[in-house]
Amino acid sequence: MVCGGFTCSKNALCSLNVVYMLVGLLLIVVAAWGKGFGIVSSIHIIGGVIAVGFFLLLIAIVGLIGAVHHHQVMLFFYMVILFIVFLFQFGVSCSCLAMNQGQQEKLLNSSWGIMSNDTRISLEKKLDCCGLFNNSQSQAVFAGDLPLCDSPCLKNKLCLTCGEKMLQHSSEALKILGGVGLFFSFTEILGVWLAMRYRNQKDPRANPSAFL
């Protein structure tokens with residue numbers, strides 16, 4: 001059985017908003033994982049991803065309610081805000097994918113440099129590592145951190161640097177956030193078009209003489 005134009009648009013818009021809710025939750029969870037792990041707290045893009053995820057989740061709920069009740073005002077604001085979210089999400093996702101390892105290293109170095117010794121020791125224990133980077137550029141800093149390190153890995157004498165672990169996980173987080181965000185940002189254009197189409201359709205349950 002083929003559904004009518006109004007019913008099909010309503011069902012499609014509701015389904016799309018459920019997807020947006022899931023995507024918003026995914027962006028928030030992955031970004032919070034990276035931030036809470038102490039990995040990418042210095043990468044301010046992650047804060048932007050959390051904000052985009054939150055607004056996407058919020059506007060998806062508004063869109064879902066507006067679609068169910070065919071609420072003209074809610075659907076109008078849904079279209080406007082969803083388009084703004086698309087612009088921000090597209091920009092943030094591209095930034096996540098464009099950030100290379102060298103840029104991540106610079107951000108981690110600058111963040112490590114402003115940390116207190118207690119914060120560094122706490123992070124080393126949490127990640128089970130010692131120092132940030134053991135290379136020619138960071139040799140002096142690494143030499144100063146090593147005597148203070150009290151990580152469990154010292155017992156086995158097989159400690160990785162915290163920079164290696166951070167880069168590994170930050171790269172994973174940025175790729176996931178960038179890829180998911182960029183892919184689903186294009187579906188938001190579909191959501192705007194679908195909401196516009198659905199908003200201009202006549203509800204068969206409404207009074208035929210009602211103004212739309």
# chains A, B, ... in the order shown; residues from 1 in each chain; ligands from 1
>>> residues_around(residues="Phe142 of chain A", least_positions_apart="5", cutoff="9 Å", atoms="only C-alpha atoms", output="VMD selection string")
chain A and resid 130 to 135
>>> write_last_selection(atoms="N, CA, C and O atoms", output="PDB file, in the first residue's frame")
ATOM      1  N   CYS A 130      54.879   7.549  30.549  1.00  0.00           N
ATOM      2  CA  CYS A 130      55.812   8.485  31.180  1.00  0.00           C
ATOM      3  C   CYS A 130      56.254   9.552  30.180  1.00  0.00           C
ATOM      4  O   CYS A 130      56.679   9.233  29.060  1.00  0.00           O
ATOM      5  N   GLY A 131      56.175  10.810  30.608  1.00  0.00           N
ATOM      6  CA  GLY A 131      56.599  11.907  29.738  1.00  0.00           C
ATOM      7  C   GLY A 131      55.666  12.117  28.570  1.00  0.00           C
ATOM      8  O   GLY A 131      54.729  11.346  28.356  1.00  0.00           O
ATOM      9  N   LEU A 132      55.911  13.175  27.823  1.00  0.00           N
ATOM     10  CA  LEU A 132      55.063  13.455  26.668  1.00  0.00           C
ATOM     11  C   LEU A 132      55.668  12.899  25.389  1.00  0.00           C
ATOM     12  O   LEU A 132      55.139  11.963  24.797  1.00  0.00           O
ATOM     13  N   PHE A 133      56.799  13.462  24.951  1.00  0.00           N
ATOM     14  CA  PHE A 133      57.498  12.973  23.762  1.00  0.00           C
ATOM     15  C   PHE A 133      58.976  12.835  24.077  1.00  0.00           C
ATOM     16  O   PHE A 133      59.570  13.718  24.700  1.00  0.00           O
ATOM     17  N   ASN A 134      59.554  11.744  23.638  1.00  0.00           N
ATOM     18  CA  ASN A 134      60.993  11.528  23.824  1.00  0.00           C
ATOM     19  C   ASN A 134      61.693  11.714  22.479  1.00  0.00           C
ATOM     20  O   ASN A 134      62.120  10.770  21.829  1.00  0.00           O
ATOM     21  N   ASN A 135      61.776  12.967  22.060  1.00  0.00           N
ATOM     22  CA  ASN A 135      62.462  13.272  20.803  1.00  0.00           C
ATOM     23  C   ASN A 135      63.414  14.438  21.022  1.00  0.00           C
ATOM     24  O   ASN A 135      63.497  15.004  22.119  1.00  0.00           O
TER      25      ASN A 135
END
>>> residues_around(residues="segment 87-96 of chain A", least_positions_apart="3", cutoff="10 Å", atoms="only C-alpha atoms", output="ChimeraX atom specification")
/A:43,45-49,51-53,56,81-84,99-100,171,173-186,188-189
>>> atom_distance(atom1="atom CA of Lys125 of chain A", atom2="atom CA of Ser170 of chain A")
18.2 Å
>>> residues_around(residues="Asp145 of chain A", least_positions_apart="4", cutoff="10 Å", atoms="only C-alpha atoms", output="list in words")
Asn117, Arg120, Ile121, Glu124, Cys130, Gly131, Leu132, Gln139, Ala140, Val141 and Cys149 of chain A
>>> write_last_selection(atoms="N, CA, C and O atoms", output="PDB file, in the first residue's frame")
ATOM      1  N   ASN A 117      53.051  19.824  37.730  1.00  0.00           N
ATOM      2  CA  ASN A 117      53.653  18.496  37.883  1.00  0.00           C
ATOM      3  C   ASN A 117      52.640  17.489  38.409  1.00  0.00           C
ATOM      4  O   ASN A 117      52.637  16.322  37.992  1.00  0.00           O
ATOM      5  N   ARG A 120      50.427  16.385  35.563  1.00  0.00           N
ATOM      6  CA  ARG A 120      51.169  15.492  34.664  1.00  0.00           C
ATOM      7  C   ARG A 120      51.279  14.091  35.265  1.00  0.00           C
ATOM      8  O   ARG A 120      51.060  13.080  34.580  1.00  0.00           O
ATOM      9  N   ILE A 121      51.623  14.018  36.549  1.00  0.00           N
ATOM     10  CA  ILE A 121      51.771  12.718  37.221  1.00  0.00           C
ATOM     11  C   ILE A 121      50.444  11.967  37.234  1.00  0.00           C
ATOM     12  O   ILE A 121      50.385  10.758  36.981  1.00  0.00           O
ATOM     13  N   GLU A 124      49.797  10.665  33.759  1.00  0.00           N
ATOM     14  CA  GLU A 124      50.697   9.544  33.470  1.00  0.00           C
ATOM     15  C   GLU A 124      50.194   8.260  34.113  1.00  0.00           C
ATOM     16  O   GLU A 124      50.238   7.191  33.501  1.00  0.00           O
ATOM     17  N   CYS A 130      54.879   7.549  30.549  1.00  0.00           N
ATOM     18  CA  CYS A 130      55.812   8.485  31.180  1.00  0.00           C
ATOM     19  C   CYS A 130      56.254   9.552  30.180  1.00  0.00           C
ATOM     20  O   CYS A 130      56.679   9.233  29.060  1.00  0.00           O
ATOM     21  N   GLY A 131      56.175  10.810  30.608  1.00  0.00           N
ATOM     22  CA  GLY A 131      56.599  11.907  29.738  1.00  0.00           C
ATOM     23  C   GLY A 131      55.666  12.117  28.570  1.00  0.00           C
ATOM     24  O   GLY A 131      54.729  11.346  28.356  1.00  0.00           O
ATOM     25  N   LEU A 132      55.911  13.175  27.823  1.00  0.00           N
ATOM     26  CA  LEU A 132      55.063  13.455  26.668  1.00  0.00           C
ATOM     27  C   LEU A 132      55.668  12.899  25.389  1.00  0.00           C
ATOM     28  O   LEU A 132      55.139  11.963  24.797  1.00  0.00           O
ATOM     29  N   GLN A 139      63.443  16.766  24.437  1.00  0.00           N
ATOM     30  CA  GLN A 139      64.343  15.974  25.288  1.00  0.00           C
ATOM     31  C   GLN A 139      64.484  16.570  26.687  1.00  0.00           C
ATOM     32  O   GLN A 139      64.459  15.845  27.691  1.00  0.00           O
ATOM     33  N   ALA A 140      64.599  17.885  26.772  1.00  0.00           N
ATOM     34  CA  ALA A 140      64.785  18.536  28.078  1.00  0.00           C
ATOM     35  C   ALA A 140      63.561  18.357  28.968  1.00  0.00           C
ATOM     36  O   ALA A 140      63.680  18.066  30.165  1.00  0.00           O
ATOM     37  N   VAL A 141      62.381  18.517  28.387  1.00  0.00           N
ATOM     38  CA  VAL A 141      61.136  18.361  29.143  1.00  0.00           C
ATOM     39  C   VAL A 141      60.973  16.906  29.582  1.00  0.00           C
ATOM     40  O   VAL A 141      60.589  16.627  30.726  1.00  0.00           O
ATOM     41  N   CYS A 149      57.929  10.478  37.267  1.00  0.00           N
ATOM     42  CA  CYS A 149      56.915   9.522  36.794  1.00  0.00           C
ATOM     43  C   CYS A 149      56.753   8.371  37.791  1.00  0.00           C
ATOM     44  O   CYS A 149      57.734   7.809  38.283  1.00  0.00           O
TER      45      CYS A 149
END
>>> closest_residue(among="A:Met21, A:Cys8, A:Val80, A:Leu26", to="Leu58 of chain A", atoms="only C-alpha atoms")
A:Met21
>>> closest_residue(among="A:Ile28, A:Leu123, A:Met166, A:Ala98", to="Asp150 of chain A", atoms="only C-alpha atoms")
A:Leu123
>>> select_by_dssp(residues="segment 93-205 of chain A", states="helix (DSSP H, G or I)", output="PyMOL selection string")
chain A and resi 93-98+101-113+117-127+139-148+152-155+162-199
>>> atom_distance(atom1="atom CA of Leu57 of chain A", atom2="atom CA of Phe6 of chain A")
24.6 Å
>>> atom_distance(atom1="atom CA of Met79 of chain A", atom2="atom CA of Leu97 of chain A")
26.8 Å
>>> residues_around(residues="Asn156 of chain A", least_positions_apart="5", cutoff="12 Å", atoms="only C-alpha atoms", output="PDB file with C-alpha atoms, in the first residue's frame")
ATOM      1  CA  ASP A 128      50.086   4.310  32.184  1.00  0.00           C
ATOM      2  CA  CYS A 129      52.872   6.217  30.434  1.00  0.00           C
ATOM      3  CA  SER A 151      53.221   4.922  36.473  1.00  0.00           C
TER       4      SER A 151
END
>>> closest_residue(among="A:Phe76, A:Ile65, A:Ala12, A:Leu167", to="Gln103 of chain A", atoms="only C-alpha atoms")
A:Leu167
